[in-house]
$ cat model.pdb   # PDB, C-alpha atoms and all ligand atoms
ATOM      1  CA  MET A   1     -15.970  48.890 -40.374  1.00  0.00           C
ATOM      2  CA  THR A   2     -15.912  45.171 -40.005  1.00  0.00           C
ATOM      3  CA  HIS A   3     -17.342  43.784 -36.866  1.00  0.00           C
ATOM      4  CA  PRO A   4     -14.635  42.726 -34.442  1.00  0.00           C
ATOM      5  CA  SER A   5     -13.952  39.059 -33.913  1.00  0.00           C
ATOM      6  CA  PRO A   6     -14.908  37.858 -30.434  1.00  0.00           C
ATOM      7  CA  HIS A   7     -11.868  37.350 -28.307  1.00  0.00           C
ATOM      8  CA  ARG A   8     -11.747  33.972 -26.801  1.00  0.00           C
ATOM      9  CA  PRO A   9      -8.679  33.747 -24.662  1.00  0.00           C
ATOM     10  CA  THR A  10      -7.796  30.139 -25.153  1.00  0.00           C
ATOM     11  CA  LEU A  11      -5.820  29.249 -22.071  1.00  0.00           C
ATOM     12  CA  LEU A  12      -5.022  25.751 -23.027  1.00  0.00           C
ATOM     13  CA  LEU A  13      -1.451  26.143 -22.040  1.00  0.00           C
ATOM     14  CA  GLY A  14       0.150  23.018 -20.778  1.00  0.00           C
ATOM     15  CA  LEU A  15      -2.576  21.373 -18.837  1.00  0.00           C
ATOM     16  CA  ALA A  16      -1.554  17.967 -19.976  1.00  0.00           C
ATOM     17  CA  ALA A  17       1.423  17.686 -17.708  1.00  0.00           C
ATOM     18  CA  ALA A  18      -0.504  16.643 -14.645  1.00  0.00           C
ATOM     19  CA  ALA A  19      -2.011  13.619 -16.214  1.00  0.00           C
ATOM     20  CA  ALA A  20       1.241  11.883 -16.900  1.00  0.00           C
ATOM     21  CA  ALA A  21       2.223  11.391 -13.298  1.00  0.00           C
ATOM     22  CA  ILE A  22      -0.066   8.549 -12.429  1.00  0.00           C
ATOM     23  CA  LEU A  23       1.776   5.362 -12.858  1.00  0.00           C
ATOM     24  CA  VAL A  24       0.260   1.993 -12.338  1.00  0.00           C
ATOM     25  CA  ALA A  25       2.036   0.632  -9.344  1.00  0.00           C
ATOM     26  CA  ALA A  26       1.169  -2.895 -10.180  1.00  0.00           C
ATOM     27  CA  CYS A  27       3.742  -4.632  -8.103  1.00  0.00           C
ATOM     28  CA  GLY A  28       2.132  -6.348  -5.172  1.00  0.00           C
ATOM     29  CA  THR A  29       3.669  -7.073  -1.852  1.00  0.00           C
ATOM     30  CA  GLY A  30       5.179 -10.474  -2.253  1.00  0.00           C
ATOM     31  CA  PRO A  31       6.411 -12.001  -5.450  1.00  0.00           C
ATOM     32  CA  ILE A  32       4.986 -15.437  -5.345  1.00  0.00           C
ATOM     33  CA  PRO A  33       6.340 -17.141  -8.411  1.00  0.00           C
ATOM     34  CA  GLY A  34       5.066 -20.557  -7.530  1.00  0.00           C
ATOM     35  CA  GLN A  35       2.325 -21.505  -9.900  1.00  0.00           C
ATOM     36  CA  SER A  36       1.737 -24.553  -7.837  1.00  0.00           C
ATOM     37  CA  ALA A  37      -1.867 -24.903  -8.755  1.00  0.00           C
ATOM     38  CA  SER A  38      -1.440 -28.574  -9.303  1.00  0.00           C
ATOM     39  CA  SER A  39      -4.524 -29.973  -7.789  1.00  0.00           C
ATOM     40  CA  SER A  40      -3.646 -33.347  -6.510  1.00  0.00           C
ATOM     41  CA  ASN A  41      -5.734 -36.315  -7.313  1.00  0.00           C
ATOM     42  CA  THR A  42      -9.310 -35.685  -6.405  1.00  0.00           C
ATOM     43  CA  THR A  43     -10.513 -39.005  -5.260  1.00  0.00           C
ATOM     44  CA  SER A  44     -14.213 -39.070  -5.639  1.00  0.00           C
ATOM     45  CA  SER A  45     -15.550 -40.721  -2.602  1.00  0.00           C
ATOM     46  CA  SER A  46     -18.512 -42.854  -3.324  1.00  0.00           C
ATOM     47  CA  SER A  47     -20.387 -42.154  -0.150  1.00  0.00           C
ATOM     48  CA  SER A  48     -20.835 -38.427  -0.388  1.00  0.00           C
ATOM     49  CA  SER A  49     -22.674 -37.791   2.797  1.00  0.00           C
ATOM     50  CA  SER A  50     -21.406 -34.349   3.553  1.00  0.00           C
ATOM     51  CA  SER A  51     -21.961 -34.535   7.238  1.00  0.00           C
ATOM     52  CA  SER A  52     -19.143 -33.750   9.582  1.00  0.00           C
ATOM     53  CA  SER A  53     -18.056 -37.276  10.320  1.00  0.00           C
ATOM     54  CA  GLY A  54     -19.379 -38.752   7.144  1.00  0.00           C
ATOM     55  CA  GLY A  55     -17.578 -41.836   5.992  1.00  0.00           C
ATOM     56  CA  CYS A  56     -15.069 -41.908   8.801  1.00  0.00           C
ATOM     57  CA  SER A  57     -15.108 -45.211  10.591  1.00  0.00           C
ATOM     58  CA  ALA A  58     -12.587 -47.558  12.093  1.00  0.00           C
ATOM     59  CA  ALA A  59     -12.535 -49.364   8.775  1.00  0.00           C
ATOM     60  CA  THR A  60     -11.648 -46.279   6.760  1.00  0.00           C
ATOM     61  CA  ALA A  61      -9.506 -44.408   9.268  1.00  0.00           C
ATOM     62  CA  GLN A  62      -5.845 -43.870   8.492  1.00  0.00           C
ATOM     63  CA  THR A  63      -3.023 -44.281  10.961  1.00  0.00           C
ATOM     64  CA  ALA A  64      -0.913 -41.555   9.395  1.00  0.00           C
ATOM     65  CA  VAL A  65      -2.034 -38.744   7.187  1.00  0.00           C
ATOM     66  CA  THR A  66      -0.336 -35.722   5.687  1.00  0.00           C
ATOM     67  CA  VAL A  67      -2.108 -32.408   5.244  1.00  0.00           C
ATOM     68  CA  ASP A  68      -0.552 -29.857   2.927  1.00  0.00           C
ATOM     69  CA  ALA A  69      -0.702 -26.157   3.725  1.00  0.00           C
ATOM     70  CA  THR A  70      -0.641 -24.522   0.332  1.00  0.00           C
ATOM     71  CA  ASP A  71      -0.141 -21.152  -1.316  1.00  0.00           C
ATOM     72  CA  ALA A  72      -3.799 -21.382  -2.284  1.00  0.00           C
ATOM     73  CA  LEU A  73      -4.482 -20.764   1.419  1.00  0.00           C
ATOM     74  CA  LYS A  74      -5.981 -24.184   1.919  1.00  0.00           C
ATOM     75  CA  PHE A  75      -5.361 -27.251   3.973  1.00  0.00           C
ATOM     76  CA  THR A  76      -5.344 -30.165   1.570  1.00  0.00           C
ATOM     77  CA  PRO A  77      -7.144 -32.369   2.271  1.00  0.00           C
ATOM     78  CA  ALA A  78      -9.322 -30.157   4.416  1.00  0.00           C
ATOM     79  CA  SER A  79     -10.901 -33.106   6.160  1.00  0.00           C
ATOM     80  CA  VAL A  80      -9.161 -36.272   7.252  1.00  0.00           C
ATOM     81  CA  CYS A  81     -10.165 -39.444   9.032  1.00  0.00           C
ATOM     82  CA  LEU A  82      -7.670 -40.717  11.558  1.00  0.00           C
ATOM     83  CA  LYS A  83      -7.517 -43.743  13.770  1.00  0.00           C
ATOM     84  CA  ALA A  84      -7.050 -42.969  17.449  1.00  0.00           C
ATOM     85  CA  GLY A  85      -3.352 -42.917  18.185  1.00  0.00           C
ATOM     86  CA  GLY A  86      -2.570 -41.989  14.608  1.00  0.00           C
ATOM     87  CA  THR A  87      -0.443 -39.116  13.465  1.00  0.00           C
ATOM     88  CA  VAL A  88      -1.295 -36.056  11.431  1.00  0.00           C
ATOM     89  CA  THR A  89       1.585 -34.315   9.704  1.00  0.00           C
ATOM     90  CA  TRP A  90       1.134 -30.835   8.327  1.00  0.00           C
ATOM     91  CA  LYS A  91       3.543 -29.660   5.699  1.00  0.00           C
ATOM     92  CA  ASN A  92       3.856 -26.197   4.281  1.00  0.00           C
ATOM     93  CA  VAL A  93       4.353 -26.986   0.611  1.00  0.00           C
ATOM     94  CA  GLY A  94       4.359 -23.376  -0.522  1.00  0.00           C
ATOM     95  CA  ASN A  95       6.060 -20.103   0.211  1.00  0.00           C
ATOM     96  CA  ILE A  96       3.464 -18.426   2.386  1.00  0.00           C
ATOM     97  CA  PHE A  97       3.652 -18.626   6.155  1.00  0.00           C
ATOM     98  CA  HIS A  98       0.867 -20.600   7.790  1.00  0.00           C
ATOM     99  CA  THR A  99      -0.018 -22.022  11.144  1.00  0.00           C
ATOM    100  CA  THR A 100      -1.962 -25.039  12.233  1.00  0.00           C
ATOM    101  CA  THR A 101      -3.920 -23.923  15.234  1.00  0.00           C
ATOM    102  CA  ASP A 102      -6.631 -25.432  17.358  1.00  0.00           C
ATOM    103  CA  GLU A 103      -7.084 -22.879  20.091  1.00  0.00           C
ATOM    104  CA  ALA A 104     -10.425 -21.138  20.357  1.00  0.00           C
ATOM    105  CA  SER A 105      -8.806 -18.204  22.117  1.00  0.00           C
ATOM    106  CA  LEU A 106      -6.704 -17.546  19.032  1.00  0.00           C
ATOM    107  CA  ALA A 107      -9.577 -17.784  16.583  1.00  0.00           C
ATOM    108  CA  ALA A 108     -11.427 -14.850  15.092  1.00  0.00           C
ATOM    109  CA  ASN A 109     -14.417 -17.151  14.963  1.00  0.00           C
ATOM    110  CA  SER A 110     -14.344 -19.461  17.938  1.00  0.00           C
ATOM    111  CA  SER A 111     -16.331 -22.072  16.066  1.00  0.00           C
ATOM    112  CA  ASP A 112     -13.324 -22.580  13.793  1.00  0.00           C
ATOM    113  CA  ALA A 113     -11.606 -24.375  16.667  1.00  0.00           C
ATOM    114  CA  ALA A 114     -12.828 -27.496  18.391  1.00  0.00           C
ATOM    115  CA  VAL A 115     -11.368 -30.350  20.353  1.00  0.00           C
ATOM    116  CA  PRO A 116     -13.103 -33.348  21.865  1.00  0.00           C
ATOM    117  CA  SER A 117     -13.542 -33.237  25.571  1.00  0.00           C
ATOM    118  CA  GLY A 118     -10.412 -34.478  27.245  1.00  0.00           C
ATOM    119  CA  ALA A 119      -8.153 -33.496  24.373  1.00  0.00           C
ATOM    120  CA  SER A 120      -5.979 -30.442  24.070  1.00  0.00           C
ATOM    121  CA  GLY A 121      -5.420 -28.137  21.162  1.00  0.00           C
ATOM    122  CA  TRP A 122      -2.273 -26.967  19.503  1.00  0.00           C
ATOM    123  CA  ASN A 123      -0.716 -23.997  17.816  1.00  0.00           C
ATOM    124  CA  GLN A 124       2.227 -24.450  15.520  1.00  0.00           C
ATOM    125  CA  SER A 125       3.861 -22.155  13.000  1.00  0.00           C
ATOM    126  CA  LEU A 126       4.560 -23.578   9.567  1.00  0.00           C
ATOM    127  CA  ASN A 127       7.258 -21.754   7.706  1.00  0.00           C
ATOM    128  CA  ALA A 128       7.843 -22.570   4.066  1.00  0.00           C
ATOM    129  CA  GLY A 129       8.845 -26.191   3.822  1.00  0.00           C
ATOM    130  CA  GLN A 130       8.297 -26.886   7.475  1.00  0.00           C
ATOM    131  CA  SER A 131       6.430 -29.893   8.819  1.00  0.00           C
ATOM    132  CA  PHE A 132       4.750 -30.586  12.111  1.00  0.00           C
ATOM    133  CA  SER A 133       3.452 -33.909  13.346  1.00  0.00           C
ATOM    134  CA  LEU A 134       0.885 -34.495  16.024  1.00  0.00           C
ATOM    135  CA  LYS A 135      -0.408 -37.702  17.525  1.00  0.00           C
ATOM    136  CA  LEU A 136      -4.085 -37.669  18.389  1.00  0.00           C
ATOM    137  CA  THR A 137      -5.370 -40.207  20.839  1.00  0.00           C
ATOM    138  CA  VAL A 138      -8.752 -38.869  21.909  1.00  0.00           C
ATOM    139  CA  PRO A 139     -11.577 -39.755  19.510  1.00  0.00           C
ATOM    140  CA  GLY A 140     -13.830 -37.016  18.292  1.00  0.00           C
ATOM    141  CA  THR A 141     -13.856 -34.046  15.976  1.00  0.00           C
ATOM    142  CA  TYR A 142     -11.018 -31.566  15.830  1.00  0.00           C
ATOM    143  CA  LYS A 143     -11.433 -28.304  13.968  1.00  0.00           C
ATOM    144  CA  TYR A 144      -8.406 -26.169  13.336  1.00  0.00           C
ATOM    145  CA  PHE A 145      -7.392 -23.178  11.274  1.00  0.00           C
ATOM    146  CA  CYS A 146      -4.505 -21.084  10.051  1.00  0.00           C
ATOM    147  CA  ILE A 147      -4.186 -17.880  12.062  1.00  0.00           C
ATOM    148  CA  PRO A 148      -3.314 -15.500   9.199  1.00  0.00           C
ATOM    149  CA  HIS A 149      -5.821 -17.018   6.828  1.00  0.00           C
ATOM    150  CA  GLU A 150      -8.693 -18.067   9.043  1.00  0.00           C
ATOM    151  CA  SER A 151     -10.998 -15.400   7.677  1.00  0.00           C
ATOM    152  CA  LEU A 152     -10.071 -16.501   4.162  1.00  0.00           C
ATOM    153  CA  GLY A 153     -11.335 -19.977   4.842  1.00  0.00           C
ATOM    154  CA  MET A 154      -8.109 -21.804   5.597  1.00  0.00           C
ATOM    155  CA  LEU A 155      -9.764 -24.325   7.870  1.00  0.00           C
ATOM    156  CA  GLY A 156      -9.372 -28.008   8.514  1.00  0.00           C
ATOM    157  CA  GLN A 157     -11.005 -30.849  10.311  1.00  0.00           C
ATOM    158  CA  ILE A 158      -9.800 -34.122  11.723  1.00  0.00           C
ATOM    159  CA  THR A 159     -12.137 -36.882  12.744  1.00  0.00           C
ATOM    160  CA  VAL A 160     -10.542 -39.387  15.088  1.00  0.00           C
ATOM    161  CA  VAL A 161     -12.210 -42.724  15.581  1.00  0.00           C
ATOM    162  CA  SER A 162     -11.233 -45.574  17.834  1.00  0.00           C
TER     163      SER A 162
HETATM  164 CU    CU B 201      -2.447 -19.994   6.070  1.00  0.00          CU
END
$ encode --input "model.pdb" --output "structure tokens"
Amino acid sequence: MTHPSPHRPTLLLGLAAAAAAILVAACGTGPIPGQSASSSNTTSSSSSSSSSSGGCSAATAQTAVTVDATDALKFTPASVCLKAGGTVTWKNVGNIFHTTTDEASLAANSSDAAVPSGASGWNQSLNAGQSFSLKLTVPGTYKYFCIPHESLGMLGQITVVS
């Protein structure tokens, strides 16, 4: 009498089928083919006093300035120096919808919006390719933001000097 072999019921029948169902759904929401990561010329300002109104004086203020709203979710340049009565033009140079907004009531963080006393804010949609111009006459500091991207840091500032 030989000793009986221990029965080990190997139930490895077809357990590998469940693992094949997980597919990597790698497609995101919006195909954004624009690799427009071309950082425009970074002019190194000599006086790098990083205060809010640093370097903005009547001598350096511009009478017309363009701010790009980009697919990188930035206003470029984020800070501009404008002469009172000058014009800021925002342009959406990418494919993502933005706004330029200076209304504290529309801000997630009310400190992202500011207007000098006596001035009024604005709120303008910027579809892809769209521009919006605004004349600012009241000197002071304006802080604005993009509504969909405020929390992502899409903020801007305009210093107006007379
Ligand atoms: Cu935006």
$ closest_residue --input "model.pdb" --among "A:Cys56, A:Val115, A:Ala69, A:Leu155" --to "Tyr142 (chain A)" --atoms "only C-alpha atoms"
A:Val115
$ residues_near_ligand --input "model.pdb" --ligand "ligand CU 201 (chain B)" --cutoff "12 Å" --atoms "all atoms listed in the file" --output "mmCIF file with C-alpha atoms, keeping the file's coordinate frame"
data_model
loop_
_atom_site.group_PDB
_atom_site.id
_atom_site.type_symbol
_atom_site.label_atom_id
_atom_site.label_comp_id
_atom_site.auth_asym_id
_atom_site.auth_seq_id
_atom_site.Cartn_x
_atom_site.Cartn_y
_atom_site.Cartn_z
ATOM 1 C CA ASP A 68 -0.552 -29.857 2.927
ATOM 2 C CA ALA A 69 -0.702 -26.157 3.725
ATOM 3 C CA THR A 70 -0.641 -24.522 0.332
ATOM 4 C CA ASP A 71 -0.141 -21.152 -1.316
ATOM 5 C CA ALA A 72 -3.799 -21.382 -2.284
ATOM 6 C CA LEU A 73 -4.482 -20.764 1.419
ATOM 7 C CA LYS A 74 -5.981 -24.184 1.919
ATOM 8 C CA PHE A 75 -5.361 -27.251 3.973
ATOM 9 C CA THR A 76 -5.344 -30.165 1.570
ATOM 10 C CA TRP A 90 1.134 -30.835 8.327
ATOM 11 C CA LYS A 91 3.543 -29.660 5.699
ATOM 12 C CA ASN A 92 3.856 -26.197 4.281
ATOM 13 C CA VAL A 93 4.353 -26.986 0.611
ATOM 14 C CA GLY A 94 4.359 -23.376 -0.522
ATOM 15 C CA ASN A 95 6.060 -20.103 0.211
ATOM 16 C CA ILE A 96 3.464 -18.426 2.386
ATOM 17 C CA PHE A 97 3.652 -18.626 6.155
ATOM 18 C CA HIS A 98 0.867 -20.600 7.790
ATOM 19 C CA THR A 99 -0.018 -22.022 11.144
ATOM 20 C CA THR A 100 -1.962 -25.039 12.233
ATOM 21 C CA THR A 101 -3.920 -23.923 15.234
ATOM 22 C CA GLN A 124 2.227 -24.450 15.520
ATOM 23 C CA SER A 125 3.861 -22.155 13.000
ATOM 24 C CA LEU A 126 4.560 -23.578 9.567
ATOM 25 C CA ASN A 127 7.258 -21.754 7.706
ATOM 26 C CA ALA A 128 7.843 -22.570 4.066
ATOM 27 C CA TYR A 144 -8.406 -26.169 13.336
ATOM 28 C CA PHE A 145 -7.392 -23.178 11.274
ATOM 29 C CA CYS A 146 -4.505 -21.084 10.051
ATOM 30 C CA ILE A 147 -4.186 -17.880 12.062
ATOM 31 C CA PRO A 148 -3.314 -15.500 9.199
ATOM 32 C CA HIS A 149 -5.821 -17.018 6.828
ATOM 33 C CA GLU A 150 -8.693 -18.067 9.043
ATOM 34 C CA SER A 151 -10.998 -15.400 7.677
ATOM 35 C CA LEU A 152 -10.071 -16.501 4.162
ATOM 36 C CA GLY A 153 -11.335 -19.977 4.842
ATOM 37 C CA MET A 154 -8.109 -21.804 5.597
ATOM 38 C CA LEU A 155 -9.764 -24.325 7.870
ATOM 39 C CA GLY A 156 -9.372 -28.008 8.514
#
$ residues_around --input "model.pdb" --residues "Ser162 (chain A)" --least-positions-apart "4" --cutoff "7 Å" --atoms "all atoms listed in the file" --output "mmCIF file with C-alpha atoms, keeping the file's coordinate frame"
data_model
loop_
_atom_site.group_PDB
_atom_site.id
_atom_site.type_symbol
_atom_site.label_atom_id
_atom_site.label_comp_id
_atom_site.auth_asym_id
_atom_site.auth_seq_id
_atom_site.Cartn_x
_atom_site.Cartn_y
_atom_site.Cartn_z
ATOM 1 C CA ALA A 58 -12.587 -47.558 12.093
ATOM 2 C CA LYS A 83 -7.517 -43.743 13.770
ATOM 3 C CA ALA A 84 -7.050 -42.969 17.449
ATOM 4 C CA PRO A 139 -11.577 -39.755 19.510
#
$ closest_residue --input "model.pdb" --among "A:Thr66, A:Gln157, A:Thr137, A:Gln130" --to "Gly85 (chain A)" --atoms "all atoms listed in the file"
A:Thr137
$ atom_distance --input "model.pdb" --atom1 "CA of Glu103 (chain A)" --atom2 "CA of Asn123 (chain A)"
6.9 Å
$ residues_around --input "model.pdb" --residues "Thr141 (chain A)" --least-positions-apart "4" --cutoff "8 Å" --atoms "all atoms listed in the file" --output "list in words"
Ser53, Ala114, Val115, Pro116, Gln157, Ile158, Thr159 and Val160 of chain A
$ atom_distance --input "model.pdb" --atom1 "CA of Ala107 (chain A)" --atom2 "CA of Trp122 (chain A)"
12.1 Å
$ closest_residue --input "model.pdb" --among "A:Leu134, A:Ala104, A:Val67, A:Ala119" --to "Gly86 (chain A)" --atoms "only C-alpha atoms"
A:Leu134
$ closest_residue --input "model.pdb" --among "A:Thr63, A:Ser57, A:Lys143, A:Val161" --to "Asn109 (chain A)" --atoms "all atoms listed in the file"
A:Lys143
$ atom_distance --input "model.pdb" --atom1 "CA of Leu82 (chain A)" --atom2 "CA of Leu136 (chain A)"
8.3 Å
$ closest_residue --input "model.pdb" --among "A:Ser110, A:Ala78, A:Val65, A:Gly118" --to "Gly140 (chain A)" --atoms "only C-alpha atoms"
A:Gly118
